[in-house]
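Trainee: First the structure, which I've put down as structure tokens, then a few questions once you've had a look.
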Amino acid sequence: MKKLEDYVVTIPDFPEPGIMFRDVTSVIQDAEGLQLAIDSLQSLLEGLEFDVLVGAESRGFIFGMPLAYNLHKPFVLVRKKGKLPRETVSKEYALEYGTAEIEMHKDAIQPGQKVVLVDDLIATGGTMKAAAEMVEELGGEVVKIIFLMELAGLKGRDVLEKYDVASVITYEGK
């Protein structure tokens, strides 16, 4: 039986020399890989009590929706600024060169709700930190943050150190 790592295609020197790009599309393009990815993420939530799953645009949607469906939980979108139609809360965060801003609907999280955040990859941790801060601003409690892959060399866990963080695959480099 193949391991999830076997479905990840690594592209050297993309998008620039020295970077080993871990391509998640190779996982989801294979039915067995996709099923293994969802099952592996779901196993990270075994025994955890929570109310809502929150996924970050766009690959957090890909992995979060099947989890929400399987676990019969609501799913909340975190999107790039300007993409949501109702009243939102937003958070700006640092990128390597500049900043970005994400937002979620103001009524998406109710005070006291226990929330799990999901995304495909943790690199520097900035997006998920901003998402967690929005959840907390709305009165929710982040009980876990899960990722399919982790680039440990970028130290994203350090940025998320106050949270319970888990990833299915860990790559030591960047």
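In the structure tokens, chains take letters A, B, ... by order of appearance, with residues numbered from 1 within each chain and ligands from 1 in the order shown.
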If we count only C-alpha atoms, what is near Ile19 (chain A) at a cut-off of 12 Å, once residues fewer than 3 positions away on the same chain are taken out, given as a list of chain:residue names?

Mentor: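 Near Ile19 (chain A), the qualifying residues are A:Thr10, A:Ile11, A:Pro12, A:Asp13, A:Phe14, A:Pro15, A:Glu16, A:Arg22, A:Leu151, A:Gly153, A:Leu154, A:Gly173, A:Lys174.
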
Trainee: Based on the selection just made, write N, CA, C and O atoms of those residues as a PDB file, in the first residue's frame.

Mentor:
```pdb
ATOM      1  N   THR A  10       7.527  16.109  -6.145  1.00  0.00           N
ATOM      2  CA  THR A  10       8.428  17.191  -5.768  1.00  0.00           C
ATOM      3  C   THR A  10       9.097  17.737  -7.021  1.00  0.00           C
ATOM      4  O   THR A  10       9.675  16.985  -7.801  1.00  0.00           O
ATOM      5  N   ILE A  11       8.990  19.062  -7.197  1.00  0.00           N
ATOM      6  CA  ILE A  11       9.569  19.722  -8.357  1.00  0.00           C
ATOM      7  C   ILE A  11      10.740  20.577  -7.882  1.00  0.00           C
ATOM      8  O   ILE A  11      10.533  21.563  -7.173  1.00  0.00           O
ATOM      9  N   PRO A  12      11.967  20.177  -8.232  1.00  0.00           N
ATOM     10  CA  PRO A  12      13.131  20.964  -7.807  1.00  0.00           C
ATOM     11  C   PRO A  12      13.194  22.320  -8.522  1.00  0.00           C
ATOM     12  O   PRO A  12      12.765  22.449  -9.662  1.00  0.00           O
ATOM     13  N   ASP A  13      13.698  23.314  -7.785  1.00  0.00           N
ATOM     14  CA  ASP A  13      13.958  24.642  -8.341  1.00  0.00           C
ATOM     15  C   ASP A  13      12.706  25.344  -8.861  1.00  0.00           C
ATOM     16  O   ASP A  13      12.762  26.090  -9.847  1.00  0.00           O
ATOM     17  N   PHE A  14      11.582  25.135  -8.199  1.00  0.00           N
ATOM     18  CA  PHE A  14      10.349  25.852  -8.546  1.00  0.00           C
ATOM     19  C   PHE A  14       9.782  26.471  -7.281  1.00  0.00           C
ATOM     20  O   PHE A  14       9.667  25.790  -6.270  1.00  0.00           O
ATOM     21  N   PRO A  15       9.418  27.712  -7.259  1.00  0.00           N
ATOM     22  CA  PRO A  15       9.417  28.673  -8.363  1.00  0.00           C
ATOM     23  C   PRO A  15      10.757  29.377  -8.574  1.00  0.00           C
ATOM     24  O   PRO A  15      10.876  30.208  -9.463  1.00  0.00           O
ATOM     25  N   GLU A  16      11.759  29.027  -7.762  1.00  0.00           N
ATOM     26  CA  GLU A  16      13.086  29.617  -7.946  1.00  0.00           C
ATOM     27  C   GLU A  16      14.145  28.598  -7.556  1.00  0.00           C
ATOM     28  O   GLU A  16      13.852  27.614  -6.875  1.00  0.00           O
ATOM     29  N   ARG A  22       6.563  21.133  -3.248  1.00  0.00           N
ATOM     30  CA  ARG A  22       5.760  19.924  -2.972  1.00  0.00           C
ATOM     31  C   ARG A  22       4.373  20.132  -3.558  1.00  0.00           C
ATOM     32  O   ARG A  22       3.589  20.930  -3.053  1.00  0.00           O
ATOM     33  N   LEU A 151       6.386  22.241   5.921  1.00  0.00           N
ATOM     34  CA  LEU A 151       7.773  22.548   5.568  1.00  0.00           C
ATOM     35  C   LEU A 151       8.452  23.034   6.847  1.00  0.00           C
ATOM     36  O   LEU A 151       8.438  24.226   7.163  1.00  0.00           O
ATOM     37  N   GLY A 153      11.402  23.503   7.859  1.00  0.00           N
ATOM     38  CA  GLY A 153      12.498  24.458   7.771  1.00  0.00           C
ATOM     39  C   GLY A 153      12.062  25.908   7.774  1.00  0.00           C
ATOM     40  O   GLY A 153      12.864  26.803   8.053  1.00  0.00           O
ATOM     41  N   LEU A 154      10.789  26.170   7.493  1.00  0.00           N
ATOM     42  CA  LEU A 154      10.282  27.545   7.488  1.00  0.00           C
ATOM     43  C   LEU A 154       9.713  27.964   8.850  1.00  0.00           C
ATOM     44  O   LEU A 154       9.269  29.089   9.009  1.00  0.00           O
ATOM     45  N   GLY A 173      13.038  20.379   5.082  1.00  0.00           N
ATOM     46  CA  GLY A 173      13.572  21.563   4.414  1.00  0.00           C
ATOM     47  C   GLY A 173      12.546  22.670   4.247  1.00  0.00           C
ATOM     48  O   GLY A 173      11.550  22.745   4.962  1.00  0.00           O
ATOM     49  N   LYS A 174      12.819  23.511   3.254  1.00  0.00           N
ATOM     50  CA  LYS A 174      11.958  24.663   2.980  1.00  0.00           C
ATOM     51  C   LYS A 174      11.107  24.444   1.753  1.00  0.00           C
ATOM     52  O   LYS A 174      11.456  23.871   0.813  1.00  0.00           O
TER      53      LYS A 174
END
```

Trainee: Region 99-104 of chain A: which residues within 6 Å, counting only C-alpha atoms, same-chain residues fewer than 3 positions away excluded, as a list in words?

Mentor: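 Here the answer would be Val78, Arg79, Lys80, Lys81, Thr88, Val89, Ser90, Lys91, Glu92, Tyr93, Ala94 and Leu95 of chain A.
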
Trainee: Considering only C-alpha atoms, can you say which of A:Pro66, A:Pro17, A:Gly55, A:Pro85 comes closest to Val116 (chain A)?

Mentor: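 Closest to Val116 (chain A), using only C-alpha atoms: A:Gly55.
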
Trainee: Assign secondary structure with DSSP using the backbone only, and return the residues of chain A in strand (DSSP E or B) as an MDAnalysis selection string.

Mentor: chainID A and resid 9:12 20:23 52:56 75:80 88:95 98:105 114:122 141:151 165:171

Trainee: Residues as selected, C-alpha atoms, written as a compact mmCIF listing (two decimals), in the first residue's frame, can you do that?

Mentor:
```
# COMPACT_ATOMS: atom_id res chain seq x y z
CA VAL A 9 5.39 15.08 -6.65
CA THR A 10 8.43 17.19 -5.77
CA ILE A 11 9.57 19.72 -8.36
CA PRO A 12 13.13 20.96 -7.81
CA MET A 20 11.78 21.96 -3.57
CA PHE A 21 8.12 22.52 -4.47
CA ARG A 22 5.76 19.92 -2.97
CA ASP A 23 2.85 19.63 -5.38
CA VAL A 52 -16.84 24.09 13.15
CA LEU A 53 -14.19 23.51 10.49
CA VAL A 54 -12.55 26.58 8.92
CA GLY A 55 -10.56 26.34 5.69
CA ALA A 56 -8.30 28.89 4.05
CA PHE A 75 -17.61 24.64 7.07
CA VAL A 76 -16.47 28.28 7.13
CA LEU A 77 -14.52 29.95 4.33
CA VAL A 78 -11.50 32.18 4.91
CA ARG A 79 -11.01 34.18 1.74
CA LYS A 80 -8.81 36.86 0.26
CA THR A 88 -16.69 40.51 7.46
CA VAL A 89 -13.82 40.62 9.89
CA SER A 90 -10.36 40.81 8.37
CA LYS A 91 -6.73 40.37 9.32
CA GLU A 92 -3.59 41.54 7.58
CA TYR A 93 -0.46 39.41 7.79
CA ALA A 94 3.11 39.54 6.54
CA LEU A 95 4.33 37.86 3.39
CA GLY A 98 4.71 42.80 1.57
CA THR A 99 1.41 41.92 3.19
CA ALA A 100 -1.85 40.16 2.43
CA GLU A 101 -5.29 40.32 3.97
CA ILE A 102 -7.87 37.61 4.56
CA GLU A 103 -11.41 37.77 5.86
CA MET A 104 -14.36 35.72 6.98
CA HIS A 105 -18.03 36.48 7.52
CA LYS A 114 -14.68 25.14 19.25
CA VAL A 115 -12.96 25.51 15.89
CA VAL A 116 -10.55 23.42 13.80
CA LEU A 117 -8.56 25.18 11.07
CA VAL A 118 -7.41 23.23 8.00
CA ASP A 119 -5.08 23.95 5.09
CA ASP A 120 -2.92 21.98 2.69
CA LEU A 121 0.47 23.32 3.78
CA ILE A 122 2.14 25.07 6.67
CA GLU A 141 -11.74 28.85 20.48
CA VAL A 142 -9.18 27.31 18.13
CA VAL A 143 -8.81 23.73 19.39
CA LYS A 144 -6.59 22.40 16.59
CA ILE A 145 -4.93 23.42 13.31
CA ILE A 146 -4.25 20.64 10.80
CA PHE A 147 -2.23 20.51 7.59
CA LEU A 148 -1.61 17.87 4.97
CA MET A 149 2.05 18.91 4.60
CA GLU A 150 4.55 20.86 6.65
CA LEU A 151 7.77 22.55 5.57
CA VAL A 165 -0.80 21.93 15.36
CA ALA A 166 -0.62 18.62 13.48
CA SER A 167 0.44 17.69 9.99
CA VAL A 168 0.24 14.42 8.08
CA ILE A 169 3.60 14.78 6.26
CA THR A 170 6.62 16.74 7.50
CA TYR A 171 9.43 17.78 5.17
```

Trainee: Grab the CA of Ala37 (chain A) to CA of Glu161 (chain A) distance for me, in Å with one decimal place.

Mentor: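 We find that CA of Ala37 (chain A) and CA of Glu161 (chain A) lie 24.3 Å from each other.
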
Trainee: Calculate how many Å separate CA of Glu49 (chain A) from CA of Ala123 (chain A), rounding to one decimal.

Mentor: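 Interatomic distance here is 26.4 Å.
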
Trainee: Distance CA of Asp164 (chain A)-CA of Asp107 (chain A), one decimal place?

Mentor: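 These atoms are spaced 24.4 Å apart.
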
Trainee: Return as a list of chain:residue names the full set of residues in region 66-133 of chain A whose backbone-based DSSP assignment is helix (DSSP H, G or I).

Mentor: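 Selection result, helix (DSSP H, G or I) within region 66-133 of chain A: A:Pro66, A:Leu67, A:Ala68, A:Tyr69, A:Asn70, A:Leu71, A:Gly126, A:Thr127, A:Met128, A:Lys129, A:Ala130, A:Ala131, A:Ala132, A:Glu133.
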
Trainee: Check the smallest atom-to-atom distance from each of A:Phe50, A:Tyr7, A:Tyr69, A:Tyr163 to Gln29 (chain A) using only C-alpha atoms, then report the winner.

Mentor: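 The closest residue to Gln29 (chain A) is A:Tyr7.
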
Trainee: For each of A:Ala131, A:Gly139, A:Lys83, A:Tyr97, take the minimum atom-to-atom distance to Pro111 (chain A), counting only C-alpha atoms, then give the residue where this is smallest.

Mentor: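 Of A:Ala131, A:Gly139, A:Lys83, A:Tyr97, the one nearest Pro111 (chain A) is A:Gly139, counting only C-alpha atoms.
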
Trainee: Let me make sure I understand: among A:Glu136, A:Leu160, A:Leu67, A:Met1, which one has the smallest atom-to-atom distance to Glu32 (chain A) if we use only C-alpha atoms?

Mentor: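 Looking only at the distances to Glu32 (chain A), the closest residue turns out to be A:Met1.
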